[in-house]
Structure formats: C-alpha cells, structure tokens
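Report on the following structure.
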Amino acid sequence: MSETSAANGPALPAPAFDRLLGFLDAWVPKPAAWAFALRIWIAMMLALAAAFWLQLDSASSAATCVAILAQPKRGQAISKAVYRLLGTLIGAAVSIVFMALFGQDRVLLLVSFTTWLGLCVFTAQYLQDTRAYGAMLSGYTVAIIALGQIDEPQGTFDAAVSRVAVIVLGIIVITFINDALVSPSTWRTLLPQLRKAWDDTRAYARETLANGDLGASRTAALIRTIAPMRPDANAIAGELDDGPWRAAGARSCIAAFYVLAAAIRAVAAAAACLPTRSPAVEEALQICHRVAEDPDAETLERDDERLRALIDDAIRDGDRPLDEVVVLQRALDVVCAAAFAQDGIRSVADGHRPLRDTTLPTHRDFPVALRGALRVAIGFAITAAAFVALGLPQASFALVQVAATAALSSTTPDPKKFANGVVIGMTLAATFAGIARFVFLDGVQGFPMLAIVMAPVIFFGCFLSLNPKTFGIGFIVIVFFPVLLGPSNPQSYDAQSFLLNAFLVVVAATILSIVVRLVLPITRERQRVYALDSAQRALADALVGEGGDATTRTSLNADRLLQFAGYSSGSGAVRRASLSHAFALARLEAAAARAHAELRRLWTVEPLRDAIQRAGAGLAAGDDRVLETGARDLIRAASQQDRIVRLTTARAASDLVTAARTIARHRRFLRRLNIARF
C-alpha cells in the first residue's frame, strides 16, 4: 500500500504544473514578440535622436509615427507608411486652406474641421485596410496642425511642414530598421496560411461530396478561415519588385477558394436531384473527388478539357436533364477554381505573373458608414463646444486627442471594445509617462537614460498589441506614451502641465467611450437588418441584369456573408435559418448576375434570341418555372450551334437552373422581400 502511494505521489502536482506551463505559454512573450518589440524600440529611439539632431519641432511625433507604423510584418508596415504619408500630405494641405479661410473665426474653423473629419471617416468606411487608415488620418491631421495653431494662425504653414517632416522621418526610420533587422516578410507568413486554407477548402469539398450539402453554418466557418488573409494579400505588393504579382496571386487564390466552395455545394445539390446518374455525371463527380485530393496542374488541365467535352456533348444532345448540365458545369467551375488556387499559391511562392488579377471588394452598408461619420462629428462638436465654454487651458491638445481616437475607433470592427481599450490604454500611458518623467528621469537630460526608461513601456505595449484581445490597449500605450512623456531638448519637468495633459487625454478617452455608446449606436440586430437590405438591393439589380462581374460579386457576397454571420444571434435554429436565407440571397444574386452576362454574350446568335428573351423575363419576374423552361429552350436552340456557343449556353443554363432551384426552395422568404413576384 505504501509502495503504491509512494509510486503515485510524485504525479499529484502534475495538473498544477501543467496549468502553470499553460499560463506561461499563454502570457510569456515568444521570441518573435521580443524581436518585434526590440525593432520598434530601436526605431523609436533612432527617430527621436534624428529629430533632436535635426531640431524638428515636436520630436515626440517622430517616435509616435514609428509607434503607429509598428507592424509585425514588413509588408504591413510599408503599406501603412505609404497611406500615412498620403493622408498626412492631404491633411496638411487642407489645414493650410482652412486656416487661410477661417483663421480669424474659431467657430467656423471648428465647424469646417468637424465637417471634414466626418467626410474622411465616411470615406474610410468604404475603403480597405491601410487605405481606410489613410483616409481617416487625413481627417485628424487637420486637428493636429490647424487646431494646434488655433491661437497662432500665422504658424500653420510651418506646423504643416514640421508635421510632414517628422512623418517622413518616422517612415524612413521604421523602413530602415525593418530591413536592417530582417522584419518578417508578409508573403512568407501568408504562404503557409494560403496552403492551409487550400487544404481546408479541399477537405470541405471531400466532405460535401461524401455527405451532401454541409449547410450555411459550415460554409460560413470556411469563409471565416479565408477572409482574414485579404489584408496581407494586399500588403505584399510593396515588399519586393515582384510584390504586385505575388499580391495578385494571393488575391486570385482567395477568390478561387470562395468560388470552389460555392461550386462544390452546387455539384452536390444538383447531383442529389438526379434520380439516376449518367456516366457523364459519374465521371464529373470522380473529377471533383480528384480535385479534392490536390492533383497537379497537368491533371487539372486534362480534367478541364474532359469536362468541356462532356458539357459540349450534353448541350449537343439537347435533351439531357437540367441538373446533369448543372453538375457538369459546376464540376468545371471546381476544376477552374482549383487551377487558379494552385497558380496563386505558386505565384506567392516564386513571384511569377499569375493567370489573373482580381479584386477582393469588401461589403459596406451606407447607413453604418453614415452613422459612424455622424457619431464622430457629433462627438467632436459636443466636446469642442464644452471645452470652449469651460475655457479650459490646453483645450486644443484635448481636442486633437478626441479627434484622433474617435477617428481611429470608426474603422474598427467593434468601436465599443476599442473605446474600452482607449480608456485603459490612456490611463496606463499617462501613469507610465508620469513615473518615467518624475521618478526615473527626475531632472536627467541625457538621451541614453531616456531610451532606457522608455524601453520597458514600449516592450510592454508591443506585447499587448500582438494579442488580438489586448491590441487596442497596447496600441494606445505605445502611441500615447511618447506623446505624454513629451521628450524634448532640454527635457521639461513641469508637473502642472503634465498633469493637465494627462487629465485631458483620459477625459478624451472617457468622452469617446460615452459617445460610441450613446450617439447613434448600432446594435447587431440593426446591422443585420442593414446587411439584409443591402443584399436585397443587390439582388434586385442582379435580377434585371445589373449585377456586375461574377468573380467580384462572389468575393463581395462572401464578405457580406462573413459580416452577417457575425451579426447573427438567437437560438441555433434561428441562426441557421438566418444564415441559410443569407446564403440563398447571395447564391441567387450571383446566379442572376452570371446568367445575364452569359445571355448578353449569346445575344448575337440569332436562333437563340427568343429563348434569351424568355430567360431574361423569367429572371426579372423571379419565376422559377419560366427559368427552367427558358434553360431547356436555350439548350435545345444551342444544340445545333458551334462549340463556343454550346459551352457559353451551358454556363447560362446552369445559372438559370440554379436561380430557379433557389427561388423554389426559399419562395416564402423571397416573397417578403417585395422584389419580384417569386
């Protein structure tokens, strides 16, 4: 008994030890995080030293610029730097114009700036990634320059030049440090992500072929693994000489994933509708299985040719079941998507010119963008009026912080969460700045001591910024710590001025937190309604032939579906039903847009015009019976035409059938949209 106890005794602390290891693994920064923090600290110190040497005004702005451009990957930093420079130049020019027009009237100056800030935020809502940041920056740069000189209008031009100078200095320094210290390349990080997404998409295809349509929830989960790669795909362009081709390859690959997922669902759905499968259908399904196993490019090319031959035979026959045509055509779409995906991955890896370059547009709802812009404008206007009425000293400094943080919050997925991070981050930044200035420096004027004192805070902020849950806090800490510390030559130790600035930035953060909750708030339910309304309008356009490019629409719909899935709430059954309806709208819109595009190509073929007119009328009316009849008539009319016409007809007919099946399955829901009679 004692031997058993002794033998088992040492194993008792294992759970606690495992928990300790888990805690350390979760919270102790990895070597890559330490390397990132070291790069940012060196860059900030180098920017500060250069600003002191060049005797630039507000040397801390150079360090702040580096902090804002702090990105773990080189391509991200370069992309953000480019749009930061553009945004600064635009903001500087607007500042000079505003001050020239309204320099003698503070009220008009504040009103004009508020309007400009709202316009910039509204524009940023419709842009992507670093371009959105550039638009937003051009808004609050006017606050930094013009409002900072509100008491001395004659100094606006010099302030604008100084601002541009420190931004250029910060960009040069961070670029040099990233290159000198071998910052990780975006394309090297993205490549394994693309390969994993390719594996996930093929696994999804295999599962769909084995078990049938996996449903909207499973498809939305796949989209969630694909969509986050889009920002990095765009950021690759500036890294290397062949960066634009690598970026194009990444975009082509991501778009192919979307198409492959949609096409394999269509294959499974159409195959399930066939009472018996012909040899052509069985061969098409075998090819889809082969695609799911990642064949080489030569195999894909042979499968592409074979499927085109099968499709040509089916249209030439003229009497094949419509679902058989859909299976064959969607199987060809699967093969084409796989070819684009493999080519895109190779392009990212070796930098060759990809087979195509496509865009990956993002979905934005006008009411959401408008409310975001109005929220920022109203929040700033109320704050400005309150500060002016109270006659607070250094009010312009506080207004700059309100404008900057409000604008930054407008482009985040969750403004409330970001506002919470701003409050915490501002408080930490003010506390750390006070301790650094009055405890550790305490009258010291030497730069080495300043660099040593700033290091722990910068490292701490960088570590926080690398964690998605604490990104907002870390970002605010590394950006506003140098602002509040205010490094200068000689260093100022005015406690009263520091305490007032610290108080004002915390007040600005608190105002932001209140504004995002009380001024034109948008609930998830309201966002879901806006997304549904947008999808409804897009469907109405697609049904009458104004749907746009099919590949672009597929990417746009994928982004809309991703956002809609995030907005959805309620029980599991309600959530699944909502997602199913959202996917139905996207599928119907894409099918209608593609069908109209193919019908326009076929219009030059005289014998097909009657069938084309009936099919177009069926789409506009949302009549599934007319659509199926139009698809059959179109196939019969094309059976005697040449091969190119037959293949184009197969694409049009398969989209007409897809639209008809979607309408028939979701008729009750579609009738509530009041678009067509359905």
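Ordered as shown in the structure tokens, chains take letters A, B, and onward, while each chain numbers its residues from 1 and ligands are numbered from 1 in the order shown.
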Subject >> Who sits within 8 Å of Gln329 (chain A), only C-alpha atoms, same chain under 6 positions skipped, as a PyMOL selection string >> reply: chain A and resi 307+311+650-651+654
Do you know which residues are at most 6 Å from region 267-282 of chain A counting only C-alpha atoms, after dropping those on the same chain fewer than 6 positions away, and could you put them as a PDB file with N, CA and C atoms, in the first residue's frame?
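What landed in selection-v2.pdb:
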ATOM      1  N   GLY A 212     -23.097  15.260 -48.936  1.00  0.00           N
ATOM      2  CA  GLY A 212     -24.057  16.220 -49.466  1.00  0.00           C
ATOM      3  C   GLY A 212     -23.784  17.620 -48.937  1.00  0.00           C
ATOM      4  N   ASP A 213     -24.679  18.548 -49.271  1.00  0.00           N
ATOM      5  CA  ASP A 213     -24.509  19.945 -48.876  1.00  0.00           C
ATOM      6  C   ASP A 213     -24.363  20.049 -47.360  1.00  0.00           C
ATOM      7  N   ASP A 323     -30.382  19.177 -64.348  1.00  0.00           N
ATOM      8  CA  ASP A 323     -29.463  19.005 -63.225  1.00  0.00           C
ATOM      9  C   ASP A 323     -28.157  18.350 -63.661  1.00  0.00           C
ATOM     10  N   VAL A 327     -24.470  19.831 -62.918  1.00  0.00           N
ATOM     11  CA  VAL A 327     -23.362  19.064 -62.335  1.00  0.00           C
ATOM     12  C   VAL A 327     -22.107  19.204 -63.183  1.00  0.00           C
ATOM     13  N   ARG A 330     -20.774  22.957 -63.029  1.00  0.00           N
ATOM     14  CA  ARG A 330     -20.195  23.304 -61.729  1.00  0.00           C
ATOM     15  C   ARG A 330     -18.937  22.479 -61.448  1.00  0.00           C
TER      16      ARG A 330
END
Subject >> Two-atom distance - CA of Ser252 (chain A), CA of Glu305 (chain A) (Å) >> reply: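 So the answer is 21.4 Å.
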How close does region 403-451 of chain A get to region 117-128 of chain A? List, as a tab-separated table, each residue of region 403-451 of chain A within 8 Å, its nearest atom pair and the distance in Å to one decimal, counting only C-alpha atoms.
residue	atom	partner	partner_atom	distance
A:Ala403	CA	A:Leu117	CA	7.9
A:Ala407	CA	A:Val121	CA	6.4
A:Ser410	CA	A:Val121	CA	6.8
A:Thr411	CA	A:Gln125	CA	6.4
Same residues, C-alpha atoms, output as a PDB file, in the first residue's frame:
ATOM      1  CA  ALA A 403     -10.479  63.727 -32.927  1.00  0.00           C
ATOM      2  CA  ALA A 407     -11.481  58.635 -35.969  1.00  0.00           C
ATOM      3  CA  SER A 410     -14.594  54.419 -36.588  1.00  0.00           C
ATOM      4  CA  THR A 411     -12.686  51.849 -38.660  1.00  0.00           C
TER       5      THR A 411
END
**OP:** as number ranges by chain, please: all residues of region 157-298 of chain A that backbone DSSP puts in helix (DSSP H, G or I).
**Re:** A: 157-180, 186-211, 216-238, 243-273, 279-292, 297-298
**OP:** Tell me which of A:Arg316, A:Gln149, A:Ala67, A:Ile424 sits closest to Phe397 (chain A), counting only C-alpha atoms.
**Re:**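 Result for the nearest residue to Phe397 (chain A): A:Gln149.
Shortest separation to Arg224 (chain A) among A:Arg560, A:Gly622, A:Ala165, A:Ala586 occurs at residue A:Arg560, atoms counted being only C-alpha atoms.
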